[in-house]
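K.L.:
Dropping the structure in here first, questions after.
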Amino acid sequence: MKSLFKQTALAAMIGLSTPALASLAYVSNEKDNTLSIIDTDTHEVVETIDVGQRPRGILLSKDYTKLYICASDDDTVQVFDLATRKIVDTLPSGEDPEQFALHPNNKHLYIANEDDAIVTVVDVETKDVLAQIDVGIEPEGMAVSPDGKWAVNTSETTSMLHWINTETFEIEKNIVVGQRPRHVEFSKDSKIAWASAEIGGTVHIIDVDNLEQIHEMTFKVPGVNQDRVQPVGIELTSDGKYAFVALGPSNHVAVVDAKTYEVLDYLLVGARVWQLDLDKDEKHLYTTNGVSGDVSIIDINDMKVIKSIKVGRYPWGVVIDPTS
Amino acid sequence: MPLLSRMAFASLLSMSAAGSLHANTVDVQIGYLQWGPDQGPVLSNVIPEPEDAGLRGAELAIEDNSTTGKFLGHRYSLQAEVSDSEAAALAAFETLQQNGTNLFVVNVPASTLQAMANKAEDQTLIFNAGAKDDALRTGQCHVNLLHTTPSYAMLTDALGQWLNQRRWKEVFLITGPTGEDKAWADAFRRSAKRFGLDIVQDKPWTFDADLRRTAAKELPAFTQARDYDAVVVADVRGDFGEYVPFNTWLPRPVVGTQGMTPVTWHRVVESWGAAQLQNRFRELANRNMNSEDYAAWAAIRAIGTAVTALSSASTDTIRPYLFSDKFQLAAFKGRKLTFREWNGQLRQPIPLVHPRGLVARAPFEGFLHPNTDMDTLGFDRPESQCRIND
């Protein structure tokens, strides 16, 4: 079933006579209303596509056929078909969608509506709004645990993690964290959640079984004013070895030992580094740098920045399709 | 299924016992007082200032606090009084204080604020969201008084740093006739000395003609000098200043209270999530958020941040928390904001704006400070006689 799907997608690609079959990275450019597509073999931008207004959060469907795009100022989620590279549909999203997360069932999309202080749950197949959940002010980060049990929302001005039961769509616990929580990332086994607090300058490690904080990380980038160390995006390697934390206007990415929570290194990237994604072999990490308008690529073996690629203005999110 | 949800409920109960979900209900009453003397007629009266500046910012902050509070069982209420005389403002303060309110946000002139601070009881905490007078930060301090509005010195230091880093060091200063104009100009003269600027001309504004007819004739002559890099205007109420840009003798930029201005807040600030605050405010007030709104908003958010952390509305615990290293205010300026422990002033970056765009944001790189570069703006500890926490 899945492979049949893939084949048709492949056929469509060939039909378009796009020679690149390398893995592709997608970058949303918040102030250009575009999507940059990067070939991860050649590290070049291969296409720039017009999308809705103020595109921010982006994510791939679990079958890697579609890219969902939060078009914040259009108050909609756009559905981008990867094979044809066209916007094929839109989803109801509530007002000002910023970030979202897809349940492992590939159906339930959890959308943070920043201006309305709610989380909207949409069925991407039927387009039904299944629930709207009241959360704190400026809901931003959204994550669903890989086992599908929890959806977590961060509210920036309320400074909480709201733990939503994905069966009842009700909040079961609120955890107060540092000021302006931005992003949540689960470990592969769903046991640990990592949450960044931008103004607090902290990363909070949550034990998911007990819903308790077990550790709080701080960062100290040599030569950078402490106020500028503002954690945002987090990415974990699937072998459980490393965590990467984007430190915003400090222009650095922290390399963290994911077991001891020790910072191993700080890597200089572009200006105001925001979101992160690993490529398909987890050999490279891509970072979006909002102010410098580029994407930095970090080689994970050497822990070195090897290239920066100019994209659109204010690149926000980055995701890499591991199958293409 | 039902078993699972019952178990979840049970664990929920045990969690609330631990105090993380709906602890004891906390009621937080905040008084907002506003009064301003009549500014008198001004020449540039084309775009009027909103009369509810400050009040709407306070209202938004109460909404923001309440959204957080509903998850914790904290209830916030605002008692707002916009008075038409100083006596009425003082009476409102005393009445509220007698009725048990001890958290106040006030948007009044410095003299009224002093009178309130003198009448404040030990438990009372006042946030100044209106008076920019430097004297309130250098000598006339009160243990019960904090400031969320920046001082004139913070604003002019932001401008002074900017002129320095642009290397536009020779300036022509025009000062209006009011006390506020003179206070702004005094602050600027201090900034000029700190940041190596040369005031090549320092002229008071004395004309009383209506410049809408004669600006093109009056101002070029008024701004004649051998040379200067920029014209600095000190016209706080906006009387003649709007007519200075493009009417100077030499083709030079105009900065200060008009032209490019250092401000607490402005519509064009949109980074660091500010776009969301601007949207929320416009939805509430049907106008753009200004500096007074921001100062009142920041004060009530500071209270809310403390109450969230402490689960208490007692000023006995709130005040020490605000000055502790645990306190940090996320206030859409790209940095965590804290209070200066010597005089209660909220540290904050200062945007430099023109009416339709952001030019820059102080402090600038290269202006160094041993503790925080935000203390390069305004009166640092050694320059102030205030020691409200010693």
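Every chain in the structure tokens has a letter given in the order shown (A, B, ...), and although residue numbers restart at 1 in each chain, ligands are simply numbered from 1 in the order shown.
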Could you pull out all residues of segment 12-111 of chain B with a DSSP call of strand (DSSP E) and give them as number ranges by chain?

P.N.:
B: 26-34, 74-82, 103-107

K.L.:
Would you list the contacts of Gln328 of chain B as a ChimeraX atom specification, taking every protein, DNA or RNA residue within 10 Å and counting only C-alpha atoms, but skipping same-chain residues closer than 3 positions in sequence?

P.N.:
/A:178-179,199-200 /B:302,305-306,321-325,331,335-339

K.L.:
Next, dump the selected residues to file, keeping only N, CA and C atoms, as a compact mmCIF listing (two decimals), in the first residue's frame.

P.N.:
```txt
# COMPACT_ATOMS: atom_id res chain seq x y z
N GLY A 178 10.36 28.23 32.49
CA GLY A 178 10.97 29.55 32.36
C GLY A 178 10.15 30.45 31.45
N GLN A 179 10.51 31.74 31.43
CA GLN A 179 9.75 32.71 30.65
C GLN A 179 9.84 32.41 29.15
N ILE A 199 13.21 33.43 26.89
CA ILE A 199 13.66 34.55 27.73
C ILE A 199 14.28 34.01 29.02
N GLY A 200 13.75 32.91 29.52
CA GLY A 200 14.33 32.29 30.70
C GLY A 200 15.75 31.81 30.45
N ALA B 302 4.46 42.43 35.41
CA ALA B 302 5.48 42.15 36.44
C ALA B 302 4.81 41.60 37.69
N THR B 305 3.69 38.04 36.87
CA THR B 305 4.81 37.11 36.85
C THR B 305 5.19 36.71 38.28
N ALA B 306 5.17 37.69 39.18
CA ALA B 306 5.50 37.39 40.58
C ALA B 306 4.41 36.51 41.21
N TYR B 321 10.58 39.45 45.64
CA TYR B 321 10.70 38.61 44.44
C TYR B 321 11.09 39.45 43.22
N LEU B 322 10.49 40.65 43.11
CA LEU B 322 10.76 41.50 41.94
C LEU B 322 12.23 41.92 41.88
N PHE B 323 12.88 41.99 43.04
CA PHE B 323 14.30 42.39 43.06
C PHE B 323 15.24 41.19 43.15
N SER B 324 14.69 39.97 43.15
CA SER B 324 15.55 38.79 43.26
C SER B 324 16.03 38.37 41.87
N ASP B 325 17.04 37.49 41.86
CA ASP B 325 17.53 37.05 40.54
C ASP B 325 16.59 36.03 39.91
N ALA B 331 8.91 40.67 28.00
CA ALA B 331 8.09 41.83 27.65
C ALA B 331 8.29 42.28 26.20
N ARG B 335 14.81 40.87 25.33
CA ARG B 335 15.67 40.61 26.48
C ARG B 335 14.79 40.38 27.68
N LYS B 336 15.33 39.69 28.69
CA LYS B 336 14.59 39.61 29.93
C LYS B 336 14.76 40.94 30.66
N LEU B 337 13.67 41.47 31.20
CA LEU B 337 13.74 42.76 31.88
C LEU B 337 13.76 42.54 33.38
N THR B 338 14.56 43.35 34.08
CA THR B 338 14.67 43.25 35.54
C THR B 338 14.64 44.66 36.13
N PHE B 339 14.48 44.75 37.44
CA PHE B 339 14.45 46.06 38.11
C PHE B 339 15.82 46.38 38.70
```

K.L.:
Find the residues around segment 270-272 of chain A up to 12 Å (only C-alpha atoms counted), leave out those fewer than 6 positions away in its own chain, and share them as a count of residues only.

P.N.:
40

K.L.:
Using only C-alpha atoms, select each residue of chain B with any atom at most 7 Å away from an atom of chain A, and give the selection as number ranges by chain.

P.N.:
B: 12, 21, 64, 67-68, 276, 280, 330, 335-336

K.L.:
Contacts of segment 95-97 of chain B at 12 Å or less, counting only C-alpha atoms, minus same-chain residues fewer than 6 places along, as a list of chain:residue names?

P.N.:
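Selected residues are B:Gln29, B:Ile30, B:Gly31, B:Tyr32, B:Leu33, B:Leu78, B:Gln79, B:Ala80, B:Glu81, B:Ala88, B:Ala89, B:Leu103, B:Phe104, B:Met116, B:Ala117, B:Lys119, B:Ala120, B:Glu121, B:Asp122, B:Gln123, B:Thr124, B:Leu125, B:Ile126.
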
K.L.:
Go ahead and compute the interatomic distance for atom CA of Pro322 of chain A and atom CA of Ile306 of chain A, in Å to one decimal.

P.N.:
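Between atom CA of Pro322 of chain A and atom CA of Ile306 of chain A the gap works out to 20.3 Å.
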
K.L.:
Please list as an mmCIF file with N, CA and C atoms, in the first residue's frame every residue within 9 Å of Leu130 of chain A, counting only C-alpha atoms and excluding residues in the same chain fewer than 4 positions away.

P.N.:
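As written to disk, part.cif reads:
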```cif
data_model
loop_
_atom_site.group_PDB
_atom_site.id
_atom_site.type_symbol
_atom_site.label_atom_id
_atom_site.label_comp_id
_atom_site.auth_asym_id
_atom_site.auth_seq_id
_atom_site.Cartn_x
_atom_site.Cartn_y
_atom_site.Cartn_z
ATOM 1 N N HIS A 108 -4.695 13.433 13.091
ATOM 2 C CA HIS A 108 -5.029 14.537 13.984
ATOM 3 C C HIS A 108 -3.895 15.562 14.033
ATOM 4 N N THR A 120 -6.227 24.125 18.338
ATOM 5 C CA THR A 120 -7.273 23.537 17.511
ATOM 6 C C THR A 120 -6.808 22.162 17.035
ATOM 7 N N VAL A 121 -7.679 21.166 17.154
ATOM 8 C CA VAL A 121 -7.355 19.836 16.649
ATOM 9 C C VAL A 121 -8.203 19.599 15.401
ATOM 10 N N VAL A 122 -7.518 19.327 14.283
ATOM 11 C CA VAL A 122 -8.208 19.145 13.010
ATOM 12 C C VAL A 122 -7.918 17.743 12.490
ATOM 13 N N ASP A 123 -8.954 17.086 11.950
ATOM 14 C CA ASP A 123 -8.754 15.831 11.238
ATOM 15 C C ASP A 123 -8.382 16.189 9.808
ATOM 16 N N PHE A 169 -8.871 15.093 24.625
ATOM 17 C CA PHE A 169 -8.590 16.476 24.239
ATOM 18 C C PHE A 169 -8.703 17.423 25.432
#
```

K.L.:
Please provide the set of residues having any atom within 12 Å of Gly378 of chain B, restricted to only C-alpha atoms, with same-chain residues fewer than 5 positions apart removed, written as a PyMOL selection string.

P.N.:
chain B and resi 132-138+149-161+187-188+190-191+194+340+343+345-350+362-363+373+383-384

K.L.:
Report, in Å with one decimal, the straight-line distance from atom CA of Phe71 of chain B to atom CA of Thr202 of chain A.

P.N.:
22.1 Å

K.L.:
Just to confirm, what's the straight-line distance from atom CA of Glu185 of chain A to atom CA of Val119 of chain A in Å (one decimal)?

P.N.:
17.5 Å

K.L.:
Got a sec: who's within 7 Å of segment 223-232 of chain B, counting only C-alpha atoms, leaving out chain neighbours fewer than 2 positions off, as a PDB file with C-alpha atoms, in the first residue's frame?

P.N.:
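The result, stored in part_17.pdb:
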```pdb
ATOM      1  CA  TRP B 168      27.005  62.179  13.852  1.00  0.00           C
ATOM      2  CA  LYS B 169      28.575  63.969  16.730  1.00  0.00           C
ATOM      3  CA  GLU B 170      27.884  67.643  16.083  1.00  0.00           C
ATOM      4  CA  VAL B 171      24.297  68.490  16.894  1.00  0.00           C
ATOM      5  CA  PHE B 172      22.005  71.524  16.935  1.00  0.00           C
ATOM      6  CA  LEU B 173      19.697  71.422  19.973  1.00  0.00           C
ATOM      7  CA  ILE B 174      16.302  73.199  20.027  1.00  0.00           C
ATOM      8  CA  LEU B 219      12.835  77.270  10.613  1.00  0.00           C
ATOM      9  CA  PRO B 220      15.558  77.535   7.996  1.00  0.00           C
ATOM     10  CA  ALA B 221      16.556  80.866   9.479  1.00  0.00           C
ATOM     11  CA  ALA B 234      13.162  68.752  22.763  1.00  0.00           C
ATOM     12  CA  THR B 248      16.265  72.904   8.537  1.00  0.00           C
ATOM     13  CA  TRP B 249      18.857  75.294   7.081  1.00  0.00           C
ATOM     14  CA  ARG B 252      20.240  67.183   8.015  1.00  0.00           C
ATOM     15  CA  PRO B 253      18.159  64.577   9.863  1.00  0.00           C
ATOM     16  CA  VAL B 254      15.945  65.593  12.799  1.00  0.00           C
ATOM     17  CA  VAL B 255      15.920  63.455  15.945  1.00  0.00           C
ATOM     18  CA  GLY B 256      14.727  63.790  19.533  1.00  0.00           C
TER      19      GLY B 256
END
```

K.L.:
Go through B:His354, B:Lys333, B:His142, B:Lys203 one by one, measure the shortest atom-to-atom distance of each to Thr264 of chain B using only C-alpha atoms, and give the residue with the smallest value.

P.N.:
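Closest candidate: B:Lys333.
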
K.L.:
Hey, what does DSSP flag as helix (DSSP H, G or I) within segment 11-221 of chain B? Can you give it to me as a ChimeraX atom specification?

P.N.:
/B:11-17,55-69,86-98,110-119,135-138,152-165,179-194,211-221

K.L.:
When distances are computed from only C-alpha atoms, which of A:Asp75, A:Glu262, A:Asp81, A:Asp89 shows the smallest separation from Met217 of chain A?

P.N.:
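That would be A:Glu262, the residue with the smallest distance to Met217 of chain A.
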